[in-house]
Each structure stands twice: as C-alpha cells, then as structure tokens.
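Asker: Sharing structure-v7.cif (mmCIF, C-alpha atoms) below.
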data_run
loop_
_atom_site.label_atom_id
_atom_site.label_comp_id
_atom_site.auth_asym_id
_atom_site.auth_seq_id
_atom_site.Cartn_x
_atom_site.Cartn_y
_atom_site.Cartn_z
CA MET Y 469 -80.16 -26.70 -130.06
CA MET Y 470 -76.53 -25.85 -130.78
CA SER Y 471 -75.14 -22.68 -129.24
CA ALA Y 472 -74.52 -19.87 -131.66
CA GLN Y 473 -71.50 -18.64 -129.72
CA PRO Y 474 -68.32 -18.45 -131.81
CA GLY Y 475 -65.90 -21.25 -131.16
CA ALA Y 476 -68.47 -23.64 -129.61
CA LEU Y 477 -67.79 -27.35 -129.89
CA PRO Y 478 -69.26 -28.82 -133.08
CA ALA Y 479 -72.57 -30.56 -132.51
CA GLY Y 480 -72.19 -34.08 -131.23
CA LEU Y 481 -68.40 -33.91 -130.85
CA ALA Y 482 -68.37 -34.60 -127.12
CA GLU Y 483 -71.14 -37.20 -127.31
CA ARG Y 484 -69.54 -39.49 -129.90
CA PRO Y 485 -66.09 -40.41 -128.60
CA SER Y 486 -66.23 -43.88 -130.15
CA ALA Y 487 -66.71 -42.39 -133.61
CA LEU Y 488 -63.62 -40.26 -133.10
CA ALA Y 489 -61.40 -43.07 -131.87
CA GLY Y 490 -60.72 -44.55 -135.29
CA SER Y 491 -57.87 -43.90 -137.66
CA ALA Y 492 -56.07 -40.57 -137.73
CA VAL Y 493 -57.46 -39.79 -141.18
CA ALA Y 494 -61.02 -40.55 -140.08
CA ARG Y 495 -60.66 -38.36 -137.00
CA PHE Y 496 -59.13 -35.57 -139.06
CA LEU Y 497 -61.93 -35.64 -141.63
CA SER Y 498 -64.59 -35.92 -138.91
CA GLY Y 499 -63.32 -32.85 -137.07
CA THR Y 500 -63.00 -30.77 -140.22
CA HIS Y 501 -66.50 -31.71 -141.40
CA ALA Y 502 -68.08 -31.12 -137.98
CA ALA Y 503 -66.60 -27.62 -137.63
CA ALA Y 504 -67.60 -26.56 -141.14
CA ARG Y 505 -71.12 -27.92 -140.63
CA ALA Y 506 -71.40 -26.10 -137.31
CA GLU Y 507 -70.55 -22.79 -138.99
CA LEU Y 508 -73.13 -23.45 -141.71
CA GLN Y 509 -75.79 -24.19 -139.09
CA LYS Y 510 -74.94 -20.97 -137.24
CA LEU Y 511 -75.28 -19.02 -140.50
CA ARG Y 512 -78.70 -20.58 -141.15
CA HIS Y 513 -79.92 -19.24 -137.80
CA ASP Y 514 -78.26 -15.82 -138.05
CA HIS Y 515 -79.55 -13.99 -141.10
CA ILE Y 516 -78.67 -10.62 -139.54
CA ASP Y 517 -74.98 -11.60 -139.55
CA ILE Y 518 -75.16 -12.54 -143.23
CA PHE Y 519 -76.81 -9.21 -144.08
CA THR Y 520 -74.44 -6.99 -142.10
CA ARG Y 521 -71.34 -8.74 -143.46
CA SER Y 522 -72.62 -8.30 -147.01
CA VAL Y 523 -73.12 -4.54 -146.70
CA GLN Y 524 -69.43 -3.59 -146.51
CA PRO Y 525 -68.32 -5.19 -149.82
CA LEU Y 526 -71.34 -3.64 -151.55
CA LEU Y 527 -70.31 -0.21 -150.28
CA TRP Y 528 -66.80 -0.71 -151.63
CA LEU Y 529 -68.17 -1.89 -154.95
CA PHE Y 530 -70.96 0.59 -155.66
CA ILE Y 531 -69.67 3.72 -153.88
CA PHE Y 532 -65.88 3.50 -154.07
CA GLY Y 533 -65.97 1.72 -157.43
CA THR Y 534 -68.46 4.16 -158.96
CA ALA Y 535 -66.56 7.20 -157.65
CA LEU Y 536 -63.37 6.10 -159.43
CA SER Y 537 -64.99 4.54 -162.48
CA ALA Y 538 -63.75 7.36 -164.75
CA ASN Y 539 -60.10 6.61 -163.95
CA LYS Y 540 -59.08 4.20 -166.70
CA GLN Y 541 -55.56 3.81 -165.31
CA LEU Y 542 -56.95 2.00 -162.29
CA SER Y 543 -59.09 -0.42 -164.27
CA GLY Y 544 -56.13 -2.58 -165.34
CA GLY Y 545 -57.48 -3.22 -168.82
CA ALA Y 546 -61.08 -3.83 -167.76
CA ALA Y 547 -63.87 -1.74 -169.26
CA ASP Y 548 -65.56 -1.18 -165.89
CA TYR Y 549 -63.58 -0.35 -162.74
CA ARG Y 550 -66.33 -1.92 -160.64
CA ALA Y 551 -65.72 -5.20 -162.44
CA TYR Y 552 -61.99 -4.81 -161.86
CA ILE Y 553 -62.31 -4.39 -158.09
CA THR Y 554 -65.01 -7.04 -157.61
CA PRO Y 555 -62.42 -9.83 -157.05
CA GLY Y 556 -60.53 -7.55 -154.66
CA VAL Y 557 -63.70 -6.71 -152.76
CA MET Y 558 -64.53 -10.43 -152.49
CA ALA Y 559 -61.07 -11.15 -151.10
CA GLN Y 560 -61.20 -8.19 -148.72
CA ALA Y 561 -64.57 -9.23 -147.29
CA ALA Y 562 -63.30 -12.79 -146.81
CA LEU Y 563 -60.10 -11.47 -145.21
CA PHE Y 564 -62.19 -9.51 -142.70
CA ILE Y 565 -64.00 -12.73 -141.73
CA ALA Y 566 -60.78 -14.72 -141.48
CA ILE Y 567 -58.54 -12.29 -139.63
CA PHE Y 568 -60.97 -11.93 -136.72
CA PHE Y 569 -61.73 -15.65 -136.53
CA GLY Y 570 -59.06 -15.93 -133.86
CA LEU Y 571 -61.42 -14.18 -131.47
CA ALA Y 572 -63.09 -17.59 -131.11
CA VAL Y 573 -59.86 -18.99 -129.68
CA ILE Y 574 -59.74 -16.27 -127.02
CA TRP Y 575 -63.43 -16.76 -126.22
CA GLU Y 576 -62.92 -20.53 -125.92
CA ARG Y 577 -60.03 -20.04 -123.51
CA ASP Y 578 -61.96 -17.56 -121.38
CA VAL Y 579 -64.93 -19.92 -120.89
CA GLY Y 580 -62.87 -23.11 -120.59
CA GLN Y 581 -64.08 -24.49 -123.94
CA LEU Y 582 -60.58 -24.72 -125.39
CA GLN Y 583 -59.42 -27.12 -122.68
CA ARG Y 584 -62.40 -29.40 -123.43
CA LEU Y 585 -61.73 -29.24 -127.15
CA LEU Y 586 -58.07 -30.21 -126.77
CA ALA Y 587 -59.10 -33.11 -124.51
CA THR Y 588 -61.08 -34.78 -127.32
CA PRO Y 589 -59.46 -37.51 -129.48
CA LEU Y 590 -59.29 -35.10 -132.43
CA PRO Y 591 -55.81 -34.31 -133.75
CA ARG Y 592 -54.83 -30.70 -133.18
CA SER Y 593 -54.43 -30.24 -136.92
CA ALA Y 594 -58.07 -31.30 -137.40
CA ILE Y 595 -59.18 -28.63 -134.91
CA VAL Y 596 -57.22 -25.96 -136.76
CA VAL Y 597 -58.33 -27.07 -140.24
CA GLY Y 598 -61.92 -27.49 -139.06
CA LYS Y 599 -62.05 -23.94 -137.76
CA ALA Y 600 -60.38 -22.66 -140.94
CA ALA Y 601 -62.98 -24.55 -142.98
CA GLY Y 602 -65.67 -22.82 -140.92
CA ALA Y 603 -64.24 -19.44 -141.92
CA GLY Y 604 -64.20 -20.63 -145.52
CA VAL Y 605 -67.90 -21.55 -145.32
CA ARG Y 606 -68.76 -18.05 -144.14
CA ALA Y 607 -66.68 -16.47 -146.91
CA LEU Y 608 -68.28 -18.76 -149.50
CA VAL Y 609 -71.82 -17.74 -148.53
CA GLN Y 610 -70.88 -14.07 -148.55
CA ALA Y 611 -69.16 -14.35 -151.94
CA CYS Y 612 -72.18 -16.07 -153.49
CA LEU Y 613 -74.47 -13.27 -152.30
CA LEU Y 614 -72.07 -10.66 -153.69
CA LEU Y 615 -71.86 -12.38 -157.07
CA ILE Y 616 -75.66 -12.54 -157.28
CA VAL Y 617 -75.87 -8.77 -156.71
CA VAL Y 618 -73.10 -8.19 -159.28
CA ALA Y 619 -74.97 -10.29 -161.85
CA ILE Y 620 -78.23 -8.40 -161.20
CA ALA Y 621 -76.39 -5.07 -161.54
CA GLY Y 622 -75.05 -6.13 -164.93
CA ILE Y 623 -71.37 -5.78 -164.02
CA GLY Y 624 -69.40 -7.63 -166.66
CA LEU Y 625 -67.84 -10.70 -165.10
CA ARG Y 626 -67.41 -14.19 -166.50
CA PHE Y 627 -70.02 -16.46 -164.93
CA GLY Y 628 -69.01 -19.72 -166.57
CA PRO Y 629 -69.27 -22.80 -164.30
CA LEU Y 630 -65.52 -23.49 -164.29
CA ASP Y 631 -64.69 -19.84 -163.64
CA LEU Y 632 -67.12 -19.65 -160.72
CA ILE Y 633 -66.06 -22.96 -159.17
CA GLY Y 634 -62.37 -22.13 -159.52
CA SER Y 635 -62.75 -18.64 -158.07
CA LEU Y 636 -64.82 -19.82 -155.11
CA LEU Y 637 -62.32 -22.61 -154.42
CA LEU Y 638 -59.43 -20.15 -154.44
CA LEU Y 639 -61.37 -17.79 -152.18
CA VAL Y 640 -62.03 -20.57 -149.64
CA LEU Y 641 -58.36 -21.61 -149.67
CA GLY Y 642 -57.24 -18.02 -149.13
CA THR Y 643 -59.78 -17.45 -146.36
CA ALA Y 644 -58.72 -20.65 -144.59
CA SER Y 645 -55.06 -19.61 -144.71
CA PHE Y 646 -55.75 -16.20 -143.17
CA ALA Y 647 -58.00 -17.82 -140.56
CA CYS Y 648 -55.04 -20.01 -139.55
CA LEU Y 649 -52.90 -16.87 -139.35
CA SER Y 650 -55.55 -15.36 -137.09
CA MET Y 651 -55.52 -18.42 -134.81
CA LEU Y 652 -51.72 -18.24 -134.71
CA ILE Y 653 -51.92 -14.63 -133.51
CA ALA Y 654 -54.67 -15.44 -131.02
CA ALA Y 655 -52.53 -18.16 -129.44
CA GLY Y 656 -50.17 -15.50 -128.16
CA VAL Y 657 -52.68 -12.80 -127.20
CA ARG Y 658 -54.25 -12.58 -123.75
CA SER Y 659 -57.23 -10.26 -124.37
CA ARG Y 660 -59.82 -9.66 -127.08
CA GLU Y 661 -59.13 -5.93 -127.11
CA ARG Y 662 -55.44 -6.47 -127.88
CA PHE Y 663 -56.33 -9.00 -130.55
CA MET Y 664 -58.67 -6.51 -132.23
CA GLY Y 665 -55.85 -3.97 -132.43
CA ILE Y 666 -53.39 -6.51 -133.82
CA GLY Y 667 -56.01 -7.79 -136.26
CA GLN Y 668 -56.50 -4.29 -137.69
CA LEU Y 669 -52.73 -3.82 -137.86
CA VAL Y 670 -52.40 -7.01 -139.90
CA MET Y 671 -55.49 -6.70 -142.10
CA MET Y 672 -55.14 -3.15 -143.43
CA PRO Y 673 -51.54 -3.47 -144.75
CA LEU Y 674 -52.41 -6.83 -146.31
CA PHE Y 675 -55.34 -5.25 -148.13
CA PHE Y 676 -53.78 -2.01 -149.32
CA ALA Y 677 -50.40 -3.58 -150.17
CA SER Y 678 -52.06 -5.90 -152.68
CA SER Y 679 -53.64 -5.63 -156.11
CA ALA Y 680 -57.17 -5.57 -154.68
CA LEU Y 681 -57.91 -1.94 -155.64
CA TYR Y 682 -55.27 -1.09 -158.25
CA PRO Y 683 -52.96 -2.93 -160.65
CA LEU Y 684 -49.38 -3.71 -159.70
CA SER Y 685 -48.12 -1.76 -162.71
CA ILE Y 686 -48.99 1.64 -161.23
CA MET Y 687 -47.42 0.98 -157.81
CA PRO Y 688 -44.13 2.59 -156.80
CA GLY Y 689 -41.20 0.20 -156.72
CA TRP Y 690 -41.13 -0.39 -152.95
CA LEU Y 691 -44.89 -1.07 -152.80
CA HIS Y 692 -44.69 -3.34 -155.83
CA ALA Y 693 -42.01 -5.39 -154.05
CA VAL Y 694 -44.17 -5.68 -150.93
CA ALA Y 695 -47.22 -6.68 -152.98
CA ARG Y 696 -45.23 -9.42 -154.70
CA VAL Y 697 -44.66 -11.21 -151.38
CA ASN Y 698 -48.21 -10.60 -150.14
CA PRO Y 699 -50.29 -13.81 -150.49
CA LEU Y 700 -53.46 -11.72 -150.83
CA THR Y 701 -52.09 -10.37 -154.11
CA TYR Y 702 -51.97 -13.85 -155.60
CA GLU Y 703 -55.44 -14.66 -154.34
CA VAL Y 704 -56.84 -11.50 -155.95
CA GLN Y 705 -54.93 -12.06 -159.19
CA GLY Y 706 -56.31 -15.58 -159.47
CA LEU Y 707 -59.86 -14.41 -158.81
CA ARG Y 708 -59.47 -11.62 -161.35
CA GLN Y 709 -58.04 -13.94 -163.98
CA MET Y 710 -60.97 -16.35 -163.67
CA LEU Y 711 -63.80 -13.82 -163.24
CA LEU Y 712 -62.54 -11.09 -165.55
CA GLY Y 713 -59.80 -12.52 -167.73
CA VAL Y 714 -57.26 -9.81 -166.79
CA GLY Y 715 -54.75 -9.15 -164.05
CA GLY Y 716 -53.10 -12.52 -163.74
CA ALA Y 717 -50.82 -12.63 -166.81
CA GLY Y 718 -52.05 -16.16 -167.42
CA GLU Y 719 -50.17 -17.53 -164.39
CA LEU Y 720 -53.20 -19.02 -162.67
CA TRP Y 721 -51.22 -22.09 -161.59
CA LEU Y 722 -48.81 -19.80 -159.70
CA ASP Y 723 -51.68 -18.08 -157.88
CA PHE Y 724 -53.08 -21.41 -156.69
CA LEU Y 725 -49.59 -22.67 -155.79
CA VAL Y 726 -48.80 -19.62 -153.63
CA VAL Y 727 -52.18 -19.69 -151.84
CA ILE Y 728 -52.00 -23.44 -151.18
CA GLY Y 729 -48.40 -23.16 -150.01
CA PHE Y 730 -49.31 -20.31 -147.65
CA LEU Y 731 -52.24 -22.35 -146.34
CA LEU Y 732 -50.04 -25.37 -145.55
CA VAL Y 733 -47.48 -23.20 -143.74
CA MET Y 734 -50.19 -21.49 -141.69
CA ILE Y 735 -51.84 -24.82 -140.79
CA ALA Y 736 -48.51 -26.17 -139.54
CA ALA Y 737 -47.74 -23.00 -137.56
CA ALA Y 738 -51.23 -22.71 -136.05
CA THR Y 739 -51.28 -26.41 -135.13
CA ARG Y 740 -47.99 -26.01 -133.29
CA ALA Y 741 -49.07 -22.81 -131.50
CA TYR Y 742 -52.73 -23.62 -130.82
CA PRO Y 743 -52.25 -25.46 -127.48
CA LYS Y 744 -50.25 -22.48 -126.18
CA ALA Y 745 -53.50 -20.50 -126.13
CA ILE Y 746 -54.48 -22.24 -122.87
CA LEU Y 747 -51.26 -21.33 -121.05
#
Would you encode the structure as structure tokens?

Answerer:
Amino acid sequence: MMSAQPGALPAGLAERPSALAGSAVARFLSGTHAAARAELQKLRHDHIDIFTRSVQPLLWLFIFGTALSANKQLSGGAADYRAYITPGVMAQAALFIAIFFGLAVIWERDVGQLQRLLATPLPRSAIVVGKAAGAGVRALVQACLLLIVVAIAGIGLRFGPLDLIGSLLLLVLGTASFACLSMLIAAGVRSRERFMGIGQLVMMPLFFASSALYPLSIMPGWLHAVARVNPLTYEVQGLRQMLLGVGGAGELWLDFLVVIGFLLVMIAAATRAYPKAIL
C-alpha cells in the first residue's frame, strides 16, 4: 500500500526504471501523471482531509458572505454577495493548498526522499510539474465539493458545462503556479517552522490584495496598483467571469494568459532551484 505521507515517491516510480528511460517527453509525462495519480490515491484514503479542507471556504461563504450581503457596493454588480465571493473563496482555498505544498519538499529532504527522487531518470521539470499537478488535483476535488454545496444552497452561479470546465481548468492552472512558488520558497528554507511563517507572509497579502472579496473599483489607488500585478487577481476575475458573468470586463483571454505565463515562470524558477533543497 502506498504511503500517505506528503511528498512520497509516486507508486511504482522506483520499480520501473526501464519505463522511465525513454524519450524526454515520455519521462516528463510519466512523472507528471504518476504524481497526480498519487495525490488522487491519497485523497481517496483520507476523507478527513477532504472534509477539514472544505470547511474553511464554506465558513467564508456562508458566514462572511452572509454578514456582508446587505452591502451592495461590495457585490460588484452581482445580486448576491455570496455569489460574488464564491470564485474568490474557491481561489483562496486552492491557494491555501498550494502555498503549503512546499512542506513536502522539506519533509522529503529531512527523510532522505528528495535525494532518491532526484536520482531517478525523471527530468527535474517533470518532478516539479508532477507535484504541482498533485496540488491541482487536491484543489479540483475541493472546488467540486464547494460548487455542489453552492448549487444545493441555490446561490446563483452559471453551471453551464463550458463555464464549469473553463473555471476548473483556470483554478488548476492557478493552483499549480502557486504550488511551484511554494516549492521555490521551500528550496531555500531549512525548517518547517520557518516555512510556515513565510507561507503565511506570502499567502495573506496575495489574498487580500486581490479582487477575491471586493471589486477593484472600490480599492484605493495604491492597493488597486498592487492588485493589478497580483496573479491571483486575474485568476479570480477569470473564475468570476465564467461562473457569474461579471468582474472580468470580458477580458477572459487576458486572465488565462497571465495565469499561464505566471505558471511557466514559476515552473522554470522552481526547476532551477529544486535541487538546492538538498544542500
């Protein structure tokens, strides 16, 4: 049975060296698929983790959202403030998963797993992308559960197939990019305690200096400028445009472009820094 520890080698990775010795593309795809599948298998055997991670976004949605539902200025043109913040809550919950994913890197180094992983024939980029895909799988499961609750509660979102597929795709891309950022930070951190502090320092400004909870139009000038260079803003705007039809000014292509561009930069940076985690 596969270990449920975070950062464990994907099942069968060490036992199938011949399958990993093929072309670079085949090895890259194999590593990415194995890591994502490993995360899915861990989720299937850890229902408590799924439940506890789903509680926080529901609290934001039904307590914070209900408390401010009378403030029409915050709703950004939506009839229900809870509907307006649903994309932001989805992105925030996924960000929480991604930003602490780097803890797996520190755990791997502490138990010697990282050295074994880097000794496999897998390209370093495949290791990074595979782990980022694992974070995306977790965020995808959590988002699906949240959307089911939202639909049951009758909160007015658009549940068309294209809207749902597009929003979930954008969420996975954004989660993967922040997971790579987390691995980049973890490569230079020596202890889990220090990483937790840095993770909080990174996550909270990203969340509050975005359009997750309020529209850009009501922000002061300096905060508006910060939000405009925050990749989380574009992720939330894209989600809101697809699920609600407001908040993105019709520039959905720009939201995807920024998130994909940020993902590629983070993959390159994390791939370059990842081996330094063993030093």

Asker: Rounded to one decimal, what separation in Å do you get between CA of Ser635 in chain Y and CA of Ile728 in chain Y?

Answerer: 13.6 Å

Asker: Would you compute the distance between CA of Gln668 in chain Y and CA of Ala559 in chain Y? Give it in Å to one decimal.

Answerer: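 Atom-to-atom, CA of Gln668 in chain Y to CA of Ala559 in chain Y, that is 15.7 Å.
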
Asker: Can you list, as a compact mmCIF listing (two decimals) with C-alpha atoms, keeping the file's coordinate frame, the residues that the PyMOL selection byres ((chain Y and resi 550-555) around 7) selects here?

Answerer:
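Saved the output as part.txt:
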# COMPACT_ATOMS: atom_id res chain seq x y z
CA LEU Y 529 -68.17 -1.89 -154.95
CA GLY Y 533 -65.97 1.72 -157.43
CA THR Y 534 -68.46 4.16 -158.96
CA SER Y 537 -64.99 4.54 -162.48
CA SER Y 543 -59.09 -0.42 -164.27
CA ALA Y 546 -61.08 -3.83 -167.76
CA ASP Y 548 -65.56 -1.18 -165.89
CA TYR Y 549 -63.58 -0.35 -162.74
CA GLY Y 556 -60.53 -7.55 -154.66
CA VAL Y 557 -63.70 -6.71 -152.76
CA MET Y 558 -64.53 -10.43 -152.49
CA ALA Y 559 -61.07 -11.15 -151.10
CA ILE Y 623 -71.37 -5.78 -164.02
CA GLY Y 624 -69.40 -7.63 -166.66
CA LEU Y 625 -67.84 -10.70 -165.10
CA ALA Y 680 -57.17 -5.57 -154.68
CA LEU Y 681 -57.91 -1.94 -155.64
CA VAL Y 704 -56.84 -11.50 -155.95
CA LEU Y 707 -59.86 -14.41 -158.81
CA ARG Y 708 -59.47 -11.62 -161.35

Asker: Given the file shown, determine the residues that the PyMOL selection byres ((chain Y and resi 638) around 9) selects; report them as a ChimeraX atom specification.

Answerer: /Y:633-637,639-643,703,706-707,723-724,727-728

Asker: Considering all atoms listed in the file, return as a PyMOL selection string whatever protein or nucleic-acid residues lie within 8 Å of Ala561 in chain Y, sequence-local ones (same chain, fewer than 3 positions apart) excluded.

Answerer: chain Y and resi 521+524-525+557-558+564-565+607

Asker: If we count all atoms listed in the file and set the cut-off at 10 Å, which residues sit around Leu684 in chain Y, ignoring sequence neighbours fewer than 5 positions away in its own chain? Please answer as a PDB file with C-alpha atoms, in the frame of the given file.

Answerer:
ATOM      1  CA  LEU Y 542     -56.950   2.000-162.290  1.00  0.00           C
ATOM      2  CA  GLY Y 544     -56.130  -2.580-165.340  1.00  0.00           C
ATOM      3  CA  ALA Y 677     -50.400  -3.580-150.170  1.00  0.00           C
ATOM      4  CA  SER Y 678     -52.060  -5.900-152.680  1.00  0.00           C
ATOM      5  CA  SER Y 679     -53.640  -5.630-156.110  1.00  0.00           C
ATOM      6  CA  GLY Y 689     -41.200   0.200-156.720  1.00  0.00           C
ATOM      7  CA  LEU Y 691     -44.890  -1.070-152.800  1.00  0.00           C
ATOM      8  CA  HIS Y 692     -44.690  -3.340-155.830  1.00  0.00           C
ATOM      9  CA  ALA Y 693     -42.010  -5.390-154.050  1.00  0.00           C
ATOM     10  CA  ALA Y 695     -47.220  -6.680-152.980  1.00  0.00           C
ATOM     11  CA  ARG Y 696     -45.230  -9.420-154.700  1.00  0.00           C
ATOM     12  CA  THR Y 701     -52.090 -10.370-154.110  1.00  0.00           C
ATOM     13  CA  GLY Y 715     -54.750  -9.150-164.050  1.00  0.00           C
TER      14      GLY Y 715
END

Asker: Selection in question (the file shown): the PyMOL selection byres ((chain Y and resi 735) around 9). Which residues does it include, as a list in words?

Answerer: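 Answer for the PyMOL selection byres ((chain Y and resi 735) around 9): Ser593, Val596, Val597, Ala600, Ala644, Ser645, Cys648, Leu649, Leu652, Phe730, Leu731, Leu732, Val733, Met734, Ala736, Ala737, Ala738, Thr739 and Arg740 of chain Y.
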
Asker: Given the choices Y:Leu563, Y:Ser685, Y:Leu712, Y:Ser522, which gets closest to Cys612 in chain Y if the distance is worked out from all atoms listed in the file?

Answerer: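 Between Y:Leu563, Y:Ser685, Y:Leu712, Y:Ser522, the residue approaching Cys612 in chain Y most closely is Y:Ser522.
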
Asker: Give me, please, the distance in Å between CA of Gly667 in chain Y and CA of Val605 in chain Y, quoted to one decimal.

Answerer: 20.3 Å

Asker: Nearest to Pro591 in chain Y: which of Y:Gln610, Y:Thr500, Y:Gln541, Y:Gln705 is it, counting all atoms listed in the file?

Answerer: Y:Thr500

Asker: Pick from Y:Val726, Y:Ala611, Y:Gln560, Y:Glu719: nearest to Pro673 in chain Y, with all atoms listed in the file counted?

Answerer: Y:Gln560

Asker: With only C-alpha atoms as the basis for distance, which of Y:Met710, Y:Leu722, Y:Leu614, Y:Ile567 is at the shortest distance from Ser650 in chain Y?

Answerer: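 Checking each candidate against Ser650 in chain Y, we get Y:Ile567 as the closest.
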
Asker: Pick from Y:Ala594, Y:Leu608, Y:Leu669, Y:Ala538: nearest to Val493 in chain Y, with all atoms listed in the file counted?

Answerer: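 Among the listed residues, Y:Ala594 lies closest to Val493 in chain Y.
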
Asker: When you count only C-alpha atoms, which of these residues is closest to Phe568 in chain Y: Y:Gly665, Y:Gly598, Y:Gly656, Y:Gly499?

Answerer: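 Using only C-alpha atoms, Phe568 in chain Y sits closest to Y:Gly665.
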